[in-house]
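Pasting data.cif here (mmCIF, C-alpha atoms):
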```
data_input
loop_
_atom_site.group_PDB
_atom_site.id
_atom_site.type_symbol
_atom_site.label_atom_id
_atom_site.label_comp_id
_atom_site.auth_asym_id
_atom_site.auth_seq_id
_atom_site.Cartn_x
_atom_site.Cartn_y
_atom_site.Cartn_z
ATOM 1 C CA MET A 1 -162.665 159.753 -82.538
ATOM 2 C CA ALA A 2 -159.636 157.583 -83.143
ATOM 3 C CA GLU A 3 -159.285 154.319 -81.269
ATOM 4 C CA GLN A 4 -155.920 152.802 -80.430
ATOM 5 C CA ASN A 5 -154.873 149.336 -79.325
ATOM 6 C CA GLU A 6 -154.178 148.805 -75.663
ATOM 7 C CA GLY A 7 -150.520 148.014 -76.126
ATOM 8 C CA ALA A 8 -148.943 150.550 -73.817
ATOM 9 C CA PHE A 9 -146.659 150.210 -70.826
ATOM 10 C CA HIS A 10 -144.617 152.617 -68.746
ATOM 11 C CA ASN A 11 -141.052 151.787 -67.829
ATOM 12 C CA ARG A 12 -140.167 153.375 -64.487
ATOM 13 C CA CYS A 13 -136.459 153.109 -65.354
ATOM 14 C CA GLY A 14 -136.856 156.005 -67.752
ATOM 15 C CA ALA A 15 -137.666 154.272 -71.044
ATOM 16 C CA PRO A 16 -140.573 155.812 -72.926
ATOM 17 C CA THR A 17 -144.034 154.314 -72.934
ATOM 18 C CA LEU A 18 -144.868 152.447 -76.125
ATOM 19 C CA LEU A 19 -148.306 152.992 -77.618
ATOM 20 C CA MET A 20 -149.559 150.819 -80.442
ATOM 21 C CA VAL A 21 -151.151 152.883 -83.178
ATOM 22 C CA GLY A 22 -152.359 150.546 -85.899
ATOM 23 C CA ASN A 23 -149.305 148.542 -86.928
ATOM 24 C CA ASP A 24 -146.888 151.252 -85.812
ATOM 25 C CA ARG A 25 -145.214 151.625 -82.440
ATOM 26 C CA VAL A 26 -144.904 155.244 -81.416
ATOM 27 C CA ALA A 27 -142.650 156.279 -78.540
ATOM 28 C CA VAL A 28 -144.585 158.439 -76.081
ATOM 29 C CA GLU A 29 -144.821 159.449 -72.449
ATOM 30 C CA ALA A 30 -148.024 158.716 -70.594
ATOM 31 C CA ALA A 31 -149.762 159.759 -67.387
ATOM 32 C CA SER A 32 -153.135 159.078 -65.763
ATOM 33 C CA ALA A 33 -155.289 162.131 -65.112
ATOM 34 C CA ILE A 34 -158.692 163.337 -63.971
ATOM 35 C CA GLN A 35 -160.713 165.760 -66.061
ATOM 36 C CA VAL A 36 -161.401 168.509 -63.554
ATOM 37 C CA ASP A 37 -164.882 169.601 -64.693
ATOM 38 C CA ASN A 38 -166.474 166.118 -64.689
ATOM 39 C CA GLY A 39 -164.158 163.820 -62.694
ATOM 40 C CA VAL A 40 -163.644 161.393 -65.583
ATOM 41 C CA ALA A 41 -160.458 159.323 -65.440
ATOM 42 C CA VAL A 42 -158.406 159.572 -68.632
ATOM 43 C CA LYS A 43 -154.976 158.808 -69.979
ATOM 44 C CA LEU A 44 -152.695 161.477 -71.402
ATOM 45 C CA TRP A 45 -150.395 160.410 -74.211
ATOM 46 C CA LEU A 46 -147.462 162.576 -75.263
ATOM 47 C CA THR A 47 -146.299 161.869 -78.814
ATOM 48 C CA ASP A 48 -143.563 163.696 -80.684
ATOM 49 C CA ASP A 49 -145.809 166.649 -81.537
ATOM 50 C CA ALA A 50 -149.085 166.420 -79.580
ATOM 51 C CA VAL A 51 -150.754 165.568 -76.289
ATOM 52 C CA SER A 52 -153.744 163.288 -76.714
ATOM 53 C CA VAL A 53 -156.481 162.696 -74.121
ATOM 54 C CA GLN A 54 -157.610 159.061 -74.254
ATOM 55 C CA LEU A 55 -160.653 157.501 -72.605
ATOM 56 C CA PRO A 56 -160.107 153.848 -71.634
ATOM 57 C CA ARG A 57 -162.439 151.301 -73.154
ATOM 58 C CA ARG A 58 -162.496 147.539 -72.823
ATOM 59 C CA LEU A 59 -159.541 146.762 -75.073
ATOM 60 C CA THR A 60 -158.866 150.113 -76.694
ATOM 61 C CA TRP A 61 -158.414 153.800 -76.023
ATOM 62 C CA ARG A 62 -160.778 156.384 -77.528
ATOM 63 C CA GLU A 63 -159.341 159.807 -78.195
ATOM 64 C CA LEU A 64 -161.431 162.572 -76.648
ATOM 65 C CA LEU A 65 -159.282 165.484 -77.823
ATOM 66 C CA SER A 66 -155.705 166.447 -78.602
ATOM 67 C CA SER A 67 -153.548 169.519 -78.868
ATOM 68 C CA ARG A 68 -150.194 170.487 -80.282
ATOM 69 C CA VAL A 69 -147.492 170.118 -77.648
ATOM 70 C CA GLN A 70 -146.590 173.811 -77.818
ATOM 71 C CA ASP A 71 -150.234 174.798 -77.149
ATOM 72 C CA VAL A 72 -150.555 172.809 -73.905
ATOM 73 C CA VAL A 73 -150.771 175.129 -70.870
ATOM 74 C CA LEU A 74 -149.128 173.945 -67.643
ATOM 75 C CA VAL A 75 -151.419 175.539 -65.034
ATOM 76 C CA ASP A 76 -149.605 174.433 -61.873
ATOM 77 C CA ALA A 77 -147.459 171.577 -60.578
ATOM 78 C CA GLU A 78 -150.227 168.994 -61.141
ATOM 79 C CA THR A 79 -152.648 170.556 -63.625
ATOM 80 C CA LEU A 80 -152.581 171.299 -67.325
ATOM 81 C CA GLU A 81 -154.983 172.685 -69.881
ATOM 82 C CA ILE A 82 -155.518 170.945 -73.213
ATOM 83 C CA ASP A 83 -157.738 172.483 -75.869
ATOM 84 C CA GLY A 84 -159.720 174.438 -73.273
ATOM 85 C CA SER A 85 -160.226 171.517 -70.841
ATOM 86 C CA THR A 86 -158.358 171.153 -67.540
ATOM 87 C CA PHE A 87 -156.784 167.917 -66.321
ATOM 88 C CA ARG A 88 -155.068 167.007 -63.042
ATOM 89 C CA ILE A 89 -152.359 164.348 -63.063
ATOM 90 C CA ASP A 90 -153.276 161.459 -60.759
ATOM 91 C CA PRO A 91 -151.234 160.350 -58.913
ATOM 92 C CA PRO A 92 -149.515 163.737 -58.491
ATOM 93 C CA ASP A 93 -146.056 162.107 -58.275
ATOM 94 C CA ASP A 94 -146.250 161.412 -62.040
ATOM 95 C CA ALA A 95 -146.785 165.078 -62.912
ATOM 96 C CA GLU A 96 -143.157 166.194 -62.721
ATOM 97 C CA ASP A 97 -141.862 163.667 -65.254
ATOM 98 C CA PHE A 98 -144.800 164.159 -67.616
ATOM 99 C CA PHE A 99 -144.590 167.957 -67.494
ATOM 100 C CA ALA A 100 -140.819 167.827 -68.039
ATOM 101 C CA ALA A 101 -141.391 165.682 -71.139
ATOM 102 C CA VAL A 102 -144.028 168.117 -72.439
ATOM 103 C CA ARG A 103 -141.666 171.083 -71.957
ATOM 104 C CA SER A 104 -138.822 169.205 -73.643
ATOM 105 C CA GLN A 105 -140.928 168.258 -76.666
ATOM 106 C CA ALA A 106 -142.307 171.792 -76.995
ATOM 107 C CA THR A 107 -138.803 173.250 -76.837
ATOM 108 C CA GLU A 108 -137.530 170.829 -79.491
ATOM 109 C CA ILE A 109 -140.430 171.722 -81.790
ATOM 110 C CA VAL A 110 -139.834 175.458 -81.378
ATOM 111 C CA HIS A 111 -136.108 175.031 -82.044
ATOM 112 C CA ALA A 112 -136.830 172.904 -85.111
ATOM 113 C CA GLN A 113 -139.251 175.520 -86.433
ATOM 114 C CA GLU A 114 -136.733 178.306 -85.850
ATOM 115 C CA ALA A 115 -133.992 176.314 -87.586
ATOM 116 C CA ALA A 116 -136.290 175.594 -90.536
ATOM 117 C CA ALA A 117 -137.191 179.279 -90.815
ATOM 118 C CA THR A 118 -133.504 180.230 -90.754
ATOM 119 C CA ARG A 119 -132.661 177.682 -93.450
ATOM 120 C CA SER A 120 -135.580 178.867 -95.559
ATOM 121 C CA ALA A 121 -134.517 182.514 -95.260
ATOM 122 C CA ALA A 122 -130.926 181.650 -96.167
ATOM 123 C CA LEU A 123 -132.065 179.588 -99.157
ATOM 124 C CA ASN A 124 -134.239 182.452 -100.360
ATOM 125 C CA GLU A 125 -131.237 184.775 -100.241
ATOM 126 C CA LEU A 126 -129.232 182.294 -102.306
ATOM 127 C CA THR A 127 -131.900 181.544 -104.896
ATOM 128 C CA GLU A 128 -133.780 184.816 -105.384
ATOM 129 C CA PRO A 129 -132.458 186.948 -108.272
ATOM 130 C CA PHE A 130 -130.274 189.783 -107.077
ATOM 131 C CA GLY A 131 -131.749 192.183 -109.637
ATOM 132 C CA SER A 132 -130.812 193.573 -113.015
ATOM 133 C CA ALA A 133 -128.012 195.688 -111.565
ATOM 134 C CA GLY A 134 -126.274 192.725 -109.917
ATOM 135 C CA ASP A 135 -123.679 190.423 -111.453
ATOM 136 C CA ARG A 136 -124.735 186.863 -112.196
ATOM 137 C CA TRP A 137 -122.117 184.136 -112.357
ATOM 138 C CA GLN A 138 -121.845 180.665 -113.772
ATOM 139 C CA TYR A 139 -119.373 178.453 -111.906
ATOM 140 C CA ALA A 140 -117.238 175.515 -112.956
ATOM 141 C CA VAL A 141 -115.396 173.007 -110.774
ATOM 142 C CA VAL A 142 -112.462 171.535 -112.710
ATOM 143 C CA SER A 143 -110.378 168.619 -111.499
ATOM 144 C CA THR A 144 -106.640 169.265 -111.461
ATOM 145 C CA GLY A 145 -105.889 165.551 -111.716
ATOM 146 C CA ALA A 146 -103.256 163.587 -109.821
ATOM 147 C CA PHE A 147 -100.425 163.794 -112.365
ATOM 148 C CA ASN A 148 -98.897 166.560 -114.497
ATOM 149 C CA THR A 149 -100.873 169.105 -112.517
ATOM 150 C CA SER A 150 -98.905 172.142 -113.682
ATOM 151 C CA ALA A 151 -99.323 171.308 -117.368
ATOM 152 C CA ARG A 152 -103.007 170.571 -116.832
ATOM 153 C CA LEU A 153 -103.558 173.898 -115.046
ATOM 154 C CA THR A 154 -101.840 175.759 -117.892
ATOM 155 C CA TYR A 155 -103.935 174.026 -120.554
ATOM 156 C CA ILE A 156 -107.276 174.469 -118.759
ATOM 157 C CA LEU A 157 -106.695 178.105 -117.817
ATOM 158 C CA SER A 158 -105.691 178.919 -121.385
ATOM 159 C CA ALA A 159 -108.772 177.257 -122.858
ATOM 160 C CA THR A 160 -111.257 178.574 -120.318
ATOM 161 C CA GLY A 161 -109.764 182.069 -120.266
ATOM 162 C CA ARG A 162 -110.504 182.459 -123.976
ATOM 163 C CA ALA A 163 -114.119 181.452 -123.246
ATOM 164 C CA GLY A 164 -114.541 184.176 -120.640
ATOM 165 C CA TRP A 165 -113.893 182.176 -117.451
ATOM 166 C CA GLU A 166 -111.799 183.583 -114.609
ATOM 167 C CA LEU A 167 -110.035 181.670 -111.861
ATOM 168 C CA VAL A 168 -111.527 182.011 -108.366
ATOM 169 C CA THR A 169 -109.321 179.610 -106.418
ATOM 170 C CA VAL A 170 -107.282 176.422 -106.595
ATOM 171 C CA TYR A 171 -107.738 173.741 -103.962
ATOM 172 C CA ASP A 172 -105.137 171.003 -103.591
ATOM 173 C CA LYS A 173 -105.635 168.031 -101.319
ATOM 174 C CA ALA A 174 -102.729 165.709 -100.673
ATOM 175 C CA SER A 175 -103.494 162.047 -101.256
ATOM 176 C CA ASN A 176 -104.052 160.086 -98.059
ATOM 177 C CA TRP A 177 -102.299 157.013 -99.378
ATOM 178 C CA LEU A 178 -99.771 158.115 -102.021
ATOM 179 C CA PRO A 179 -97.274 160.803 -100.886
ATOM 180 C CA GLY A 180 -96.696 163.576 -103.410
ATOM 181 C CA ILE A 181 -99.921 162.909 -105.304
ATOM 182 C CA GLU A 182 -102.520 165.692 -105.279
ATOM 183 C CA ASN A 183 -106.264 165.442 -105.756
ATOM 184 C CA GLY A 184 -107.611 168.939 -106.156
ATOM 185 C CA PHE A 185 -109.773 171.237 -108.220
ATOM 186 C CA MET A 186 -109.985 174.721 -109.637
ATOM 187 C CA LEU A 187 -113.027 176.916 -109.190
ATOM 188 C CA LEU A 188 -113.768 179.092 -112.216
ATOM 189 C CA ARG A 189 -116.532 181.570 -112.906
ATOM 190 C CA ARG A 190 -117.810 183.715 -115.741
ATOM 191 C CA ARG A 191 -120.325 186.525 -115.799
ATOM 192 C CA VAL A 192 -123.741 185.723 -117.279
ATOM 193 C CA PRO A 193 -125.210 188.566 -119.361
ATOM 194 C CA ALA A 194 -128.728 189.796 -118.638
ATOM 195 C CA GLY A 195 -131.347 187.777 -120.478
ATOM 196 C CA VAL A 196 -129.138 184.684 -120.750
ATOM 197 C CA GLU A 197 -130.057 181.556 -118.790
ATOM 198 C CA PRO A 198 -127.354 178.851 -118.900
ATOM 199 C CA ALA A 199 -128.406 175.220 -118.928
ATOM 200 C CA SER A 200 -126.577 174.806 -115.618
ATOM 201 C CA TRP A 201 -125.331 177.461 -113.241
ATOM 202 C CA ALA A 202 -122.624 175.157 -111.877
ATOM 203 C CA ILE A 203 -120.823 172.557 -113.967
ATOM 204 C CA GLN A 204 -118.134 169.977 -113.289
ATOM 205 C CA TYR A 205 -115.303 168.977 -115.610
ATOM 206 C CA ASN A 206 -113.077 165.950 -115.019
ATOM 207 C CA GLY A 207 -111.615 165.454 -118.486
#
```
Any chance you could put this one into structure tokens?
Amino acid sequence: MAEQNEGAFHNRCGAPTLLMVGNDRVAVEAASAIQVDNGVAVKLWLTDDAVSVQLPRRLTWRELLSSRVQDVVLVDAETLEIDGSTFRIDPPDDAEDFFAAVRSQATEIVHAQEAAATRSAALNELTEPFGSAGDRWQYAVVSTGAFNTSARLTYILSATGRAGWELVTVYDKASNWLPGIENGFMLLRRRVPAGVEPASWAIQYNG
């Protein structure tokens, strides 16, 4: 099992315990406990994603077992189950803070997993082909420039229109430091025929 340096302390003012793991310092919460089935005194370390049961040795801690934070079972106000073994926080006054930290970490992990799943699903919708019956578009972002905007718009729309592009929108942003000067862009698109794969599905033009 893994051994860790005895470099931990608990700050009663609310700062996290610091546990030395190799050359790294990992912020954790800690609590002393008794393993219910054999009476062995252990230390429980809460990291960002797991609860580890450590057996004290002379100058190190030896890990007996560990479990993902979200798999830890809080049995009652002083007792928890980790990987099938039951532990009682000792002294009991430390249980509330430790259990609150476990719940908080588990909740954060679940929320992070849900957010990742949502992002993944949304990305799949954006990147998966719509099908042969759907329209596919290539987009172009074209700078309108800061001067002679009207003439530039006329020239670009004329040239791109002949090439099959259509205007989606024009965005103008007033300069923050020079009144009357615009810094904007046009968004153009053109339909991509079936079987054609453009080198880039979105291009930028600043000429």
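Proximity to Trp165 in chain A was assessed for A:Thr60, A:Gln105, A:Gln113, A:Gln138 counting all atoms listed in the file; the smallest distance is recorded for A:Gln138.
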Env of Ala77 in chain A: 10 Å cut, atoms = only C-alpha atoms, seq-sep filter 4 positions within chain, self excluded. Answer as an mmCIF file with C-alpha atoms, in the coordinates of the input.
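The new file result-v4.cif reads:
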```
data_model
loop_
_atom_site.group_PDB
_atom_site.id
_atom_site.type_symbol
_atom_site.label_atom_id
_atom_site.label_comp_id
_atom_site.auth_asym_id
_atom_site.auth_seq_id
_atom_site.Cartn_x
_atom_site.Cartn_y
_atom_site.Cartn_z
ATOM 1 C CA ARG A 88 -155.068 167.007 -63.042
ATOM 2 C CA ILE A 89 -152.359 164.348 -63.063
ATOM 3 C CA PRO A 92 -149.515 163.737 -58.491
ATOM 4 C CA ASP A 93 -146.056 162.107 -58.275
ATOM 5 C CA ALA A 95 -146.785 165.078 -62.912
ATOM 6 C CA GLU A 96 -143.157 166.194 -62.721
ATOM 7 C CA PHE A 99 -144.590 167.957 -67.494
#
```
Residues within 12 Å of (-153.1, 173.4, -67.8), counting all atoms listed in the file, listed as a VMD selection string
chain A and resid 33 35 to 36 51 67 69 to 89 95 99 102
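Separating CA of Val170 in chain A from CA of Gly184 in chain A is a distance of 7.5 Å.
From CA of Gly195 in chain A back to CA of Thr160 in chain A, the distance works out to 22.1 Å.
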Neighbours of Leu187 in chain A within 8 Å (only C-alpha atoms; same-chain residues fewer than 5 positions away dropped), as a list in words?
Tyr139, Ala140, Val141, Val142, Leu167, Val168, Thr169 and Val170 of chain A
If I take CA of Ser32 in chain A and CA of Pro91 in chain A, how far is one from the other in Å, to one decimal?
7.2 Å
